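Student: Input input39.tsv, format and content: TSV, C-alpha atoms.
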```
chain	number	residue	atom	x	y	z
A	1	MET	CA	1.72	-4.92	25.21
A	2	ALA	CA	0.28	-1.52	24.33
A	3	LEU	CA	-2.28	0.01	22.00
A	4	VAL	CA	-1.43	2.68	19.41
A	5	VAL	CA	-4.47	4.55	18.07
A	6	VAL	CA	-3.53	6.34	14.85
A	7	ASP	CA	-5.02	9.59	13.52
A	8	MET	CA	-8.41	9.43	15.23
A	9	GLN	CA	-8.59	13.21	15.14
A	10	LYS	CA	-11.26	15.77	14.38
A	11	ASP	CA	-9.79	16.61	10.96
A	12	ASN	CA	-9.42	12.94	10.03
A	13	VAL	CA	-12.57	11.18	11.23
A	14	GLY	CA	-15.39	12.07	8.89
A	15	ARG	CA	-18.53	10.46	7.64
A	16	PHE	CA	-16.59	7.74	5.80
A	17	CYS	CA	-14.90	6.28	8.86
A	18	HIS	CA	-17.05	7.28	11.82
A	19	HIS	CA	-18.47	3.73	11.95
A	20	ILE	CA	-15.18	2.42	13.39
A	21	VAL	CA	-15.29	4.75	16.41
A	22	PRO	CA	-17.43	2.51	18.70
A	23	LYS	CA	-15.20	-0.50	17.97
A	24	ILE	CA	-12.03	1.44	18.73
A	25	ALA	CA	-13.63	2.86	21.90
A	26	ARG	CA	-14.35	-0.69	23.11
A	27	LEU	CA	-10.80	-1.77	22.28
A	28	ILE	CA	-9.34	1.18	24.19
A	29	GLN	CA	-11.49	0.35	27.22
A	30	ARG	CA	-10.43	-3.32	27.16
A	31	VAL	CA	-6.77	-2.33	26.94
A	32	ARG	CA	-7.14	0.10	29.84
A	33	ASP	CA	-9.02	-2.52	31.89
A	34	LYS	CA	-6.03	-4.84	31.46
A	35	GLY	CA	-3.68	-2.12	32.71
A	36	MET	CA	-1.94	-1.73	29.36
A	37	SER	CA	-0.70	1.57	27.93
A	38	VAL	CA	-2.65	3.54	25.33
A	39	PHE	CA	-0.87	5.82	22.86
A	40	PHE	CA	-2.60	8.23	20.49
A	41	ALA	CA	-0.47	8.97	17.41
A	42	CYS	CA	-1.78	12.20	15.95
A	43	ASP	CA	-0.97	14.12	12.80
A	44	SER	CA	0.38	17.52	13.80
A	45	ARG	CA	1.83	19.47	10.92
A	46	TYR	CA	2.84	22.95	9.86
A	47	PRO	CA	1.00	24.65	6.95
A	48	ASP	CA	4.15	24.62	4.80
A	49	ASP	CA	5.06	20.96	5.39
A	50	PHE	CA	6.09	19.20	2.19
A	51	ILE	CA	3.12	16.83	2.34
A	52	PHE	CA	0.98	19.86	1.44
A	53	THR	CA	3.40	21.73	-0.83
A	54	ARG	CA	4.63	18.76	-2.90
A	55	GLY	CA	1.70	16.41	-2.72
A	56	LYS	CA	-2.01	16.69	-3.25
A	57	HIS	CA	-2.80	16.16	0.41
A	58	PRO	CA	-5.41	18.67	1.63
A	59	VAL	CA	-4.16	21.07	4.29
A	60	SER	CA	-5.43	19.71	7.61
A	61	THR	CA	-4.27	18.67	11.09
A	62	ILE	CA	-2.30	21.89	11.54
A	63	ARG	CA	-0.60	22.30	14.92
A	64	GLY	CA	-2.55	24.44	17.32
A	65	THR	CA	-5.91	23.97	15.58
A	66	GLU	CA	-9.01	22.18	16.81
A	67	GLY	CA	-8.57	19.61	14.03
A	68	VAL	CA	-5.50	17.99	15.62
A	69	LYS	CA	-7.39	17.01	18.77
A	70	VAL	CA	-8.49	13.42	19.33
A	71	ILE	CA	-12.22	13.07	18.65
A	72	ASP	CA	-14.48	13.53	21.68
A	73	GLU	CA	-15.58	9.88	21.74
A	74	LEU	CA	-11.99	8.66	22.24
A	75	GLN	CA	-10.53	11.33	24.51
A	76	PRO	CA	-7.20	10.35	26.06
A	77	ALA	CA	-7.44	9.46	29.75
A	78	PRO	CA	-4.90	10.38	32.42
A	79	GLY	CA	-1.85	8.22	31.79
A	80	ASP	CA	-2.44	7.91	28.05
A	81	ILE	CA	0.28	9.37	25.85
A	82	VAL	CA	-0.31	11.56	22.79
A	83	VAL	CA	2.45	11.39	20.18
A	84	GLU	CA	2.54	14.24	17.66
A	85	LYS	CA	3.71	13.08	14.24
A	86	ARG	CA	4.45	14.90	11.00
A	87	MET	CA	4.85	11.86	8.76
A	88	LEU	CA	2.89	8.66	8.13
A	89	SER	CA	4.63	6.59	10.79
A	90	ALA	CA	4.18	7.28	14.49
A	91	PHE	CA	7.83	6.27	14.89
A	92	PHE	CA	9.42	8.76	12.48
A	93	ALA	CA	11.09	11.63	14.39
A	94	THR	CA	9.05	11.03	17.57
A	95	ASP	CA	9.79	9.64	21.03
A	96	LEU	CA	7.47	6.64	20.58
A	97	ASP	CA	10.24	4.04	20.20
A	98	PHE	CA	12.15	5.39	23.22
A	99	THR	CA	9.00	5.51	25.35
A	100	LEU	CA	8.01	1.94	24.47
A	101	ARG	CA	11.50	0.63	25.22
A	102	HIS	CA	11.71	2.63	28.47
A	103	ARG	CA	8.44	1.05	29.61
A	104	GLY	CA	9.53	-2.43	28.55
A	105	ILE	CA	6.73	-2.72	25.99
A	106	ARG	CA	7.59	-5.27	23.32
A	107	GLY	CA	4.23	-5.85	21.62
A	108	LEU	CA	1.74	-3.49	20.00
A	109	ILE	CA	-1.81	-3.45	18.78
A	110	VAL	CA	-2.15	-0.78	16.08
A	111	THR	CA	-5.51	0.60	14.99
A	112	GLY	CA	-6.99	3.79	13.59
A	113	VAL	CA	-7.96	5.53	10.42
A	114	ALA	CA	-6.16	5.32	7.03
A	115	THR	CA	-5.14	1.69	7.42
A	116	TRP	CA	-3.49	1.73	4.00
A	117	ALA	CA	-1.15	4.56	5.03
A	118	CYS	CA	-0.47	5.69	8.60
A	119	VAL	CA	-1.65	2.55	10.42
A	120	LEU	CA	0.28	0.27	8.07
A	121	LYS	CA	3.46	2.38	8.12
A	122	THR	CA	3.35	2.54	11.93
A	123	ALA	CA	2.92	-1.25	12.12
A	124	PHE	CA	5.80	-1.82	9.67
A	125	ASP	CA	8.09	0.52	11.60
A	126	ALA	CA	7.17	-1.18	14.88
A	127	VAL	CA	8.61	-4.43	13.50
A	128	GLU	CA	11.83	-2.76	12.40
```
Take the structure I supplied and represent it as structure tokens, if you would.
Tutor:
Amino acid sequence: MALVVVDMQKDNVGRFCHHIVPKIARLIQRVRDKGMSVFFACDSRYPDDFIFTRGKHPVSTIRGTEGVKVIDELQPAPGDIVVEKRMLSAFFATDLDFTLRHRGIRGLIVTGVATWACVLKTAFDAVE
């Protein structure tokens, strides 16, 4: 079993979702206390990615900027893995599936911001 924390980044966690941070921090600590793996799936895009050019998505979480970093309250610990993603799912065009299989991880807890989009898509893709 492992935990995947989705999009809890400086550009994504604003005043509308900051209330979930303490709950996710407690969950991360419980998972670590049980010796389970923690993954941070983080948006990391290029300014000309189609999500910005074809959609109405505001330009944010650009690679190399401060905004792509995990928020201070949830900083990854040694041994945690940060997965950079360009799409909604943490599985699309990343090494997440390979890493989970290599470690023998067969179950996931998925949490984070934008439940209706990135969290849900990651959970769906985990089942497939």
Student: Give me, as a PyMOL selection string, all polymer residues having an atom no more than 9 Å from Asp80 (chain A), counting all atoms listed in the file and skipping those fewer than 3 positions away in the same chain.
Tutor: chain A and resi 37-40+76-77
Student: Give as a list in words each residue that has an atom at most 12 Å from (1.7, -8.2, 17.8) in the file, counting all atoms listed in the file.
Tutor: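 So the residues meeting the distance criterion are Met1, Ala2, Leu3, Val4, Ile105, Arg106, Gly107, Leu108, Ile109, Val110, Thr111, Ala123, Phe124, Ala126 and Val127 of chain A.
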Student: What's the 12 Å shell around Ile20 (chain A), counting all atoms listed in the file, without same-chain residues fewer than 2 positions away, as a list of chain:residue names?
Tutor: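 These residues fall inside the cut-off: A:Val5, A:Met8, A:Val13, A:Gly14, A:Arg15, A:Phe16, A:Cys17, A:His18, A:Pro22, A:Lys23, A:Ile24, A:Ala25, A:Arg26, A:Leu27, A:Glu73, A:Leu74, A:Thr111, A:Gly112, A:Val113, A:Ala114, A:Thr115.
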Student: Choose the residue, out of A:Ile28, A:Val21, A:Val70, A:Cys42, that has the smallest atom-to-atom separation from Ser89 (chain A); count all atoms listed in the file.
Tutor: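 Ranked by minimum distance to Ser89 (chain A), first place goes to A:Cys42.
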Student: Can you measure CA of Tyr46 (chain A) to CA of Glu84 (chain A) for me? One decimal in Å is fine.
Tutor: 11.7 Å
Student: In Å, how far is it from CA of Arg103 (chain A) to CA of Asp125 (chain A)?
Tutor: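 If I compute the distance from CA of Arg103 (chain A) to CA of Asp125 (chain A), I get 18.0 Å.
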